[in-house]
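Structure file upload_19.cif; described as mmCIF, C-alpha atoms.
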data_input
loop_
_atom_site.label_atom_id
_atom_site.label_comp_id
_atom_site.auth_asym_id
_atom_site.auth_seq_id
_atom_site.Cartn_x
_atom_site.Cartn_y
_atom_site.Cartn_z
CA MET A 1 0.00 0.00 0.00
CA ILE A 2 1.39 3.37 -1.06
CA LEU A 3 -0.04 6.56 0.43
CA THR A 4 0.79 10.01 -0.86
CA ASP A 5 0.95 13.16 1.26
CA THR A 6 0.38 15.91 -1.28
CA HIS A 7 1.13 18.74 1.16
CA THR A 8 3.67 18.57 3.99
CA HIS A 9 6.01 21.27 5.29
CA LEU A 10 8.89 18.91 6.05
CA TYR A 11 11.33 21.81 6.48
CA SER A 12 9.29 23.35 9.32
CA GLU A 13 11.19 24.34 12.44
CA GLU A 14 8.72 22.20 14.38
CA PHE A 15 10.54 19.14 13.04
CA SER A 16 14.05 20.40 13.84
CA GLU A 17 14.52 17.90 16.70
CA ASP A 18 13.31 14.73 14.95
CA ARG A 19 12.88 15.38 11.24
CA ASP A 20 14.49 12.15 10.00
CA GLN A 21 12.61 10.04 12.54
CA MET A 22 9.34 11.75 11.55
CA ILE A 23 9.99 10.99 7.88
CA GLN A 24 10.82 7.39 8.73
CA ARG A 25 7.52 7.07 10.61
CA ALA A 26 5.79 8.21 7.42
CA PHE A 27 7.59 5.52 5.40
CA ASP A 28 6.68 2.91 8.02
CA ALA A 29 3.01 3.93 7.66
CA GLY A 30 3.18 3.47 3.87
CA VAL A 31 3.42 7.20 3.12
CA THR A 32 6.31 7.09 0.68
CA ARG A 33 5.62 10.10 -1.53
CA LEU A 34 5.86 13.49 0.12
CA PHE A 35 5.08 16.71 -1.77
CA VAL A 36 6.58 19.81 -0.19
CA PRO A 37 5.12 23.28 -0.84
CA SER A 38 7.18 26.45 -0.81
CA ILE A 39 6.39 29.42 1.44
CA ASP A 40 9.06 31.96 0.56
CA SER A 41 12.72 32.13 -0.42
CA SER A 42 14.01 31.66 3.13
CA TYR A 43 13.13 27.95 2.98
CA THR A 44 14.40 27.14 -0.51
CA GLN A 45 17.81 25.82 0.55
CA SER A 46 16.37 23.56 3.25
CA MET A 47 13.89 22.20 0.71
CA TYR A 48 16.73 21.34 -1.67
CA GLU A 49 18.61 19.61 1.13
CA LEU A 50 15.59 17.45 1.94
CA GLU A 51 15.18 16.51 -1.69
CA ALA A 52 18.87 15.57 -1.93
CA LYS A 53 18.55 13.36 1.15
CA TYR A 54 15.33 11.65 0.02
CA PRO A 55 15.41 11.86 -3.79
CA ASP A 56 12.94 9.00 -4.32
CA ASN A 57 10.39 10.28 -1.83
CA VAL A 58 10.44 14.09 -1.62
CA PHE A 59 9.05 16.23 -4.43
CA LEU A 60 9.23 20.01 -4.33
CA MET A 61 6.93 22.84 -5.30
CA MET A 62 7.98 26.44 -5.83
CA GLY A 63 5.86 29.48 -5.01
CA LEU A 64 5.11 32.40 -2.74
CA HIS A 65 2.52 31.72 -0.01
CA PRO A 66 -0.15 34.45 0.21
CA THR A 67 0.53 35.26 3.86
CA TYR A 68 4.15 35.91 2.90
CA VAL A 69 3.13 38.53 0.35
CA LYS A 70 4.83 41.46 2.08
CA ASP A 71 6.52 44.67 0.96
CA ASN A 72 9.19 42.63 -0.82
CA TYR A 73 6.72 40.46 -2.74
CA GLU A 74 8.14 41.49 -6.12
CA GLU A 75 11.59 40.27 -5.07
CA GLU A 76 10.02 37.03 -3.84
CA LEU A 77 8.18 36.53 -7.13
CA ALA A 78 11.43 37.12 -8.99
CA HIS A 79 12.99 34.36 -6.85
CA VAL A 80 10.13 32.03 -7.80
CA GLU A 81 10.68 32.82 -11.48
CA ARG A 82 14.42 32.16 -11.27
CA GLU A 83 13.96 28.83 -9.53
CA LEU A 84 11.27 27.67 -11.94
CA ALA A 85 13.55 28.51 -14.84
CA SER A 86 16.51 26.69 -13.33
CA ARG A 87 15.12 23.21 -12.65
CA LYS A 88 12.10 20.90 -12.53
CA PHE A 89 9.40 21.19 -9.87
CA ALA A 90 6.29 19.14 -9.16
CA ALA A 91 4.02 22.20 -8.95
CA VAL A 92 3.76 25.93 -8.37
CA GLY A 93 2.64 26.34 -4.79
CA GLU A 94 1.48 27.03 -2.38
CA ILE A 95 -0.19 30.07 -3.88
CA GLY A 96 -3.55 31.76 -3.45
CA ILE A 97 -5.32 34.25 -1.22
CA ASP A 98 -5.58 34.42 2.58
CA LEU A 99 -7.86 37.04 4.13
CA TYR A 100 -7.82 35.56 7.61
CA TRP A 101 -4.58 37.19 8.71
CA ASP A 102 -4.38 40.35 6.62
CA LYS A 103 -6.97 41.89 4.30
CA SER A 104 -4.83 44.95 3.54
CA THR A 105 -2.65 43.04 1.06
CA LEU A 106 -5.54 41.69 -1.05
CA LYS A 107 -4.50 43.47 -4.26
CA GLN A 108 -0.91 42.27 -3.92
CA GLN A 109 -2.09 38.75 -3.13
CA GLN A 110 -4.35 38.74 -6.18
CA TYR A 111 -1.47 39.90 -8.37
CA ALA A 112 0.92 37.30 -6.92
CA PHE A 113 -1.66 34.53 -7.34
CA LYS A 114 -2.45 35.39 -10.94
CA HIS A 115 1.20 35.90 -11.84
CA GLN A 116 2.17 32.51 -10.42
CA ILE A 117 -0.70 30.78 -12.22
CA GLN A 118 0.71 32.18 -15.43
CA LEU A 119 4.16 30.86 -14.50
CA ALA A 120 2.62 27.43 -13.92
CA LYS A 121 1.06 27.56 -17.37
CA LYS A 122 4.41 28.59 -18.88
CA TYR A 123 6.05 25.47 -17.45
CA ASN A 124 2.99 23.21 -17.82
CA LEU A 125 2.82 22.66 -14.06
CA PRO A 126 -0.11 22.19 -11.70
CA ILE A 127 -0.84 24.76 -9.02
CA ASN A 128 -1.37 24.15 -5.32
CA ILE A 129 -3.94 26.60 -3.93
CA HIS A 130 -4.08 28.08 -0.44
CA CYS A 131 -7.49 29.61 0.31
CA ARG A 132 -8.56 30.95 3.68
CA ASP A 133 -11.63 33.15 4.10
CA ALA A 134 -11.27 33.92 0.39
CA PHE A 135 -13.29 31.51 -1.76
CA ASP A 136 -14.91 34.30 -3.81
CA GLU A 137 -11.58 36.03 -4.39
CA VAL A 138 -9.80 32.80 -5.34
CA PHE A 139 -12.60 31.75 -7.69
CA GLU A 140 -12.51 35.18 -9.35
CA VAL A 141 -8.85 34.69 -10.26
CA LEU A 142 -9.40 31.08 -11.35
CA GLU A 143 -12.31 32.17 -13.55
CA SER A 144 -10.04 34.67 -15.30
CA GLU A 145 -7.39 31.98 -15.89
CA LYS A 146 -9.56 28.93 -16.59
CA GLY A 147 -8.67 26.58 -19.43
CA ASP A 148 -7.09 23.23 -20.17
CA ASP A 149 -3.73 24.58 -19.02
CA LEU A 150 -5.10 25.39 -15.55
CA PHE A 151 -5.07 22.39 -13.19
CA GLY A 152 -3.90 21.42 -9.75
CA ILE A 153 -4.98 20.90 -6.15
CA PHE A 154 -7.23 22.99 -3.93
CA HIS A 155 -5.16 22.41 -0.80
CA CYS A 156 -6.85 21.92 2.59
CA PHE A 157 -10.33 22.15 1.13
CA THR A 158 -12.82 23.28 3.80
CA GLY A 159 -15.64 24.70 1.69
CA ASN A 160 -19.18 23.51 1.10
CA PHE A 161 -20.52 21.16 -1.59
CA GLU A 162 -21.18 23.96 -4.10
CA GLN A 163 -17.67 25.36 -3.60
CA ALA A 164 -16.25 21.87 -4.03
CA GLN A 165 -18.03 21.52 -7.34
CA GLN A 166 -16.80 24.92 -8.45
CA ALA A 167 -13.20 24.08 -7.54
CA ILE A 168 -13.44 20.81 -9.48
CA SER A 169 -14.81 22.71 -12.50
CA TYR A 170 -11.43 24.50 -12.72
CA ASN A 171 -9.61 21.13 -13.03
CA MET A 172 -8.72 21.07 -9.33
CA LYS A 173 -8.49 18.02 -7.12
CA LEU A 174 -9.58 18.57 -3.51
CA GLY A 175 -6.81 18.18 -0.95
CA ILE A 176 -8.37 16.45 2.06
CA GLY A 177 -6.54 16.41 5.38
CA GLY A 178 -7.13 16.33 9.11
CA VAL A 179 -10.20 18.59 8.99
CA VAL A 180 -12.23 15.66 7.63
CA THR A 181 -11.80 13.95 11.01
CA PHE A 182 -13.05 16.93 13.04
CA LYS A 183 -16.58 16.79 14.50
CA ASN A 184 -17.16 20.36 13.26
CA GLY A 185 -15.22 19.92 10.03
CA LYS A 186 -18.44 19.60 7.99
CA ILE A 187 -16.79 18.36 4.79
CA ASP A 188 -17.41 14.75 5.86
CA GLN A 189 -21.15 15.46 5.50
CA PHE A 190 -21.03 15.78 1.70
CA LEU A 191 -17.71 14.30 0.64
CA ASN A 192 -19.23 11.00 -0.48
CA ASP A 193 -21.19 12.99 -3.07
CA ILE A 194 -17.85 13.98 -4.63
CA PRO A 195 -16.35 11.24 -6.81
CA LEU A 196 -13.19 9.82 -5.28
CA SER A 197 -11.43 10.55 -8.57
CA ASN A 198 -11.39 14.21 -7.46
CA ILE A 199 -9.71 13.61 -4.08
CA VAL A 200 -6.09 13.59 -2.93
CA LEU A 201 -4.73 13.13 0.59
CA GLU A 202 -2.63 15.59 2.55
CA THR A 203 -1.59 16.48 6.08
CA ASP A 204 -0.41 20.12 5.89
CA SER A 205 1.93 19.02 8.65
CA PRO A 206 2.89 20.35 11.13
CA TYR A 207 -0.58 21.95 11.11
CA LEU A 208 -4.17 20.62 11.34
CA SER A 209 -3.44 17.29 12.93
CA PRO A 210 -6.27 14.74 12.57
CA VAL A 211 -8.17 13.16 15.41
CA PRO A 212 -6.95 11.66 17.77
CA HIS A 213 -3.97 14.03 17.60
CA ARG A 214 -5.95 17.23 17.09
CA GLY A 215 -4.24 20.23 18.66
CA LYS A 216 -0.82 18.54 18.58
CA ARG A 217 1.91 18.64 15.94
CA ASN A 218 0.88 16.98 12.71
CA GLU A 219 3.18 14.74 10.67
CA SER A 220 3.06 12.90 7.37
CA SER A 221 2.50 9.47 8.90
CA TYR A 222 -0.97 10.72 9.86
CA THR A 223 -1.94 10.64 6.19
CA LYS A 224 -3.03 7.09 7.01
CA LEU A 225 -5.56 8.43 9.55
CA VAL A 226 -7.08 10.65 6.86
CA ALA A 227 -7.22 7.68 4.49
CA GLU A 228 -8.95 5.59 7.16
CA LYS A 229 -11.61 8.29 7.58
CA LEU A 230 -12.16 8.40 3.81
CA ALA A 231 -12.52 4.63 3.78
CA LEU A 232 -15.45 5.02 6.16
CA ILE A 233 -16.98 7.91 4.22
CA TYR A 234 -16.72 6.16 0.84
CA ASN A 235 -17.38 2.66 2.18
CA LYS A 236 -14.17 1.32 0.63
CA ASN A 237 -11.22 -0.49 2.10
CA LEU A 238 -8.01 1.33 2.96
CA THR A 239 -6.06 -0.20 0.08
CA GLU A 240 -8.59 1.14 -2.45
CA ILE A 241 -8.43 4.64 -0.93
CA ALA A 242 -4.63 4.53 -1.07
CA GLU A 243 -4.55 3.32 -4.69
CA ILE A 244 -7.11 5.79 -6.01
CA THR A 245 -5.82 8.89 -4.18
CA THR A 246 -2.21 8.10 -5.04
CA LYS A 247 -3.13 7.68 -8.71
CA ASN A 248 -4.96 11.02 -8.57
CA ALA A 249 -1.90 12.69 -7.06
CA LEU A 250 0.47 11.22 -9.63
CA ASP A 251 -1.87 12.23 -12.46
CA ILE A 252 -1.75 15.84 -11.24
CA PHE A 253 1.95 16.02 -10.50
CA GLY A 254 3.11 13.88 -13.42
CA ILE A 255 5.55 11.95 -11.22
#

Hey, can you dump this file as structure tokens for me?
Amino acid sequence: MILTDTHTHLYSEEFSEDRDQMIQRAFDAGVTRLFVPSIDSSYTQSMYELEAKYPDNVFLMMGLHPTYVKDNYEEELAHVERELASRKFAAVGEIGIDLYWDKSTLKQQQYAFKHQIQLAKKYNLPINIHCRDAFDEVFEVLESEKGDDLFGIFHCFTGNFEQAQQAISYNMKLGIGGVVTFKNGKIDQFLNDIPLSNIVLETDSPYLSPVPHRGKRNESSYTKLVAEKLALIYNKNLTEIAEITTKNALDIFGI
């Protein structure tokens, strides 16, 4: 059984004490493909080091996270462009719009999101979308960029059924993580109405740890807990969930 974590911040400082052991726990749980999103340029070198250490398991994205769109965002976007031009990545991400922390940078976030979508199209790469309190704003940008060359993953999907359908209409898979195990997560109430062909697994570790670890540090081995919850929701066995979601992930990332 091979499980795929399509979104894990392996370079996070929260893993500084036991990173290799944490990654080994993921392997032991069958989670052997780990896709690592970019946040900003300060983490690029540590991402490359992880990839060099685990070349068969770690796959990198490149992008500027919306909450890191600061005064120097143009310099950060230039860094993204240089890196994309210099080597192969699995995706452009994580990119998008976040209005939970700071609404004052909306215009800059919209520009950065749109610009990075266009970079993804240039290199025929999927995008990995971060959306928090910003479904309308994200969909507005996706609508302006829709087409066969727009595809990817709507990371940490927490919307309703209608928003799920809209995301899928833009060639997006839904990234499902620990929230699906929360009593108040809500997405478990309609997820079985979404074909499993549109679903990929993720942890967003070290954040959003699934039950029974909610509130504690998340890690990639917990992808299996998300898969177990989906097995209940879709009334399938764990092996089927692993096979289908891993195929979906590989179809998107082209790995």

Exercise for the section: List the neighbours of Glu76 in chain A out to 12 Å using only C-alpha atoms; skip same-chain residues closer than 4 positions along the sequence, and give me the result as a VMD selection string. Expected result: chain A and resid 38 to 44 62 to 66 68 to 72 80 to 83 112 115 to 116

For Asp20 in chain A, find every residue with an atom within 10 Å (counting all atoms listed in the file), except residues of its own chain fewer than 6 positions away, and show them as a PDB file with C-alpha atoms, in the frame of the given file.
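The resulting file, around-v4.pdb, is shown below:
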ATOM      1  CA  LEU A  10       8.890  18.910   6.050  1.00  0.00           C
ATOM      2  CA  ALA A  26       5.790   8.210   7.420  1.00  0.00           C
ATOM      3  CA  LEU A  50      15.590  17.450   1.940  1.00  0.00           C
ATOM      4  CA  LYS A  53      18.550  13.360   1.150  1.00  0.00           C
TER       5      LYS A  53
END

Exercise for the section: Considering all atoms listed in the file, return as a list in words whatever protein or nucleic-acid residues lie within 6 Å of Met172 in chain A, sequence-local ones (same chain, fewer than 4 positions apart) excluded. Expected result: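 The residues satisfying every condition are Phe151, Gly152, Ile153, Phe154, Ala167 and Ile168 of chain A.
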
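The residue set within 9 Å of Lys114 in chain A, counting all atoms listed in the file and dropping same-chain residues fewer than 2 places from it, reads Gly96, Gln109, Gln110, Tyr111, Ala112, Gln116, Ile117, Gln118, Leu119, Val141, Leu142, Ser144 and Glu145 of chain A.
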
Only C-alpha atoms, please: the residues just picked out, written as a compact mmCIF listing (two decimals), keeping the file's coordinate frame.
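Final output, out_28.txt:
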# COMPACT_ATOMS: atom_id res chain seq x y z
CA GLY A 96 -3.55 31.76 -3.45
CA GLN A 109 -2.09 38.75 -3.13
CA GLN A 110 -4.35 38.74 -6.18
CA TYR A 111 -1.47 39.90 -8.37
CA ALA A 112 0.92 37.30 -6.92
CA GLN A 116 2.17 32.51 -10.42
CA ILE A 117 -0.70 30.78 -12.22
CA GLN A 118 0.71 32.18 -15.43
CA LEU A 119 4.16 30.86 -14.50
CA VAL A 141 -8.85 34.69 -10.26
CA LEU A 142 -9.40 31.08 -11.35
CA SER A 144 -10.04 34.67 -15.30
CA GLU A 145 -7.39 31.98 -15.89

Residue by residue, what does the PyMOL selection byres ((chain A and resi 128) around 8) grab here? Present the result as a short mmCIF file (atom, residue, chain, number, x, y, z; two decimals) with C-alpha atoms, keeping the file's coordinate frame.
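Below you can see out08.cif, which holds the result:
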data_model
loop_
_atom_site.label_atom_id
_atom_site.label_comp_id
_atom_site.auth_asym_id
_atom_site.auth_seq_id
_atom_site.Cartn_x
_atom_site.Cartn_y
_atom_site.Cartn_z
CA PRO A 37 5.12 23.28 -0.84
CA ALA A 91 4.02 22.20 -8.95
CA VAL A 92 3.76 25.93 -8.37
CA GLY A 93 2.64 26.34 -4.79
CA GLU A 94 1.48 27.03 -2.38
CA ILE A 95 -0.19 30.07 -3.88
CA PRO A 126 -0.11 22.19 -11.70
CA ILE A 127 -0.84 24.76 -9.02
CA ILE A 129 -3.94 26.60 -3.93
CA HIS A 130 -4.08 28.08 -0.44
CA GLY A 152 -3.90 21.42 -9.75
CA ILE A 153 -4.98 20.90 -6.15
CA PHE A 154 -7.23 22.99 -3.93
CA HIS A 155 -5.16 22.41 -0.80
#
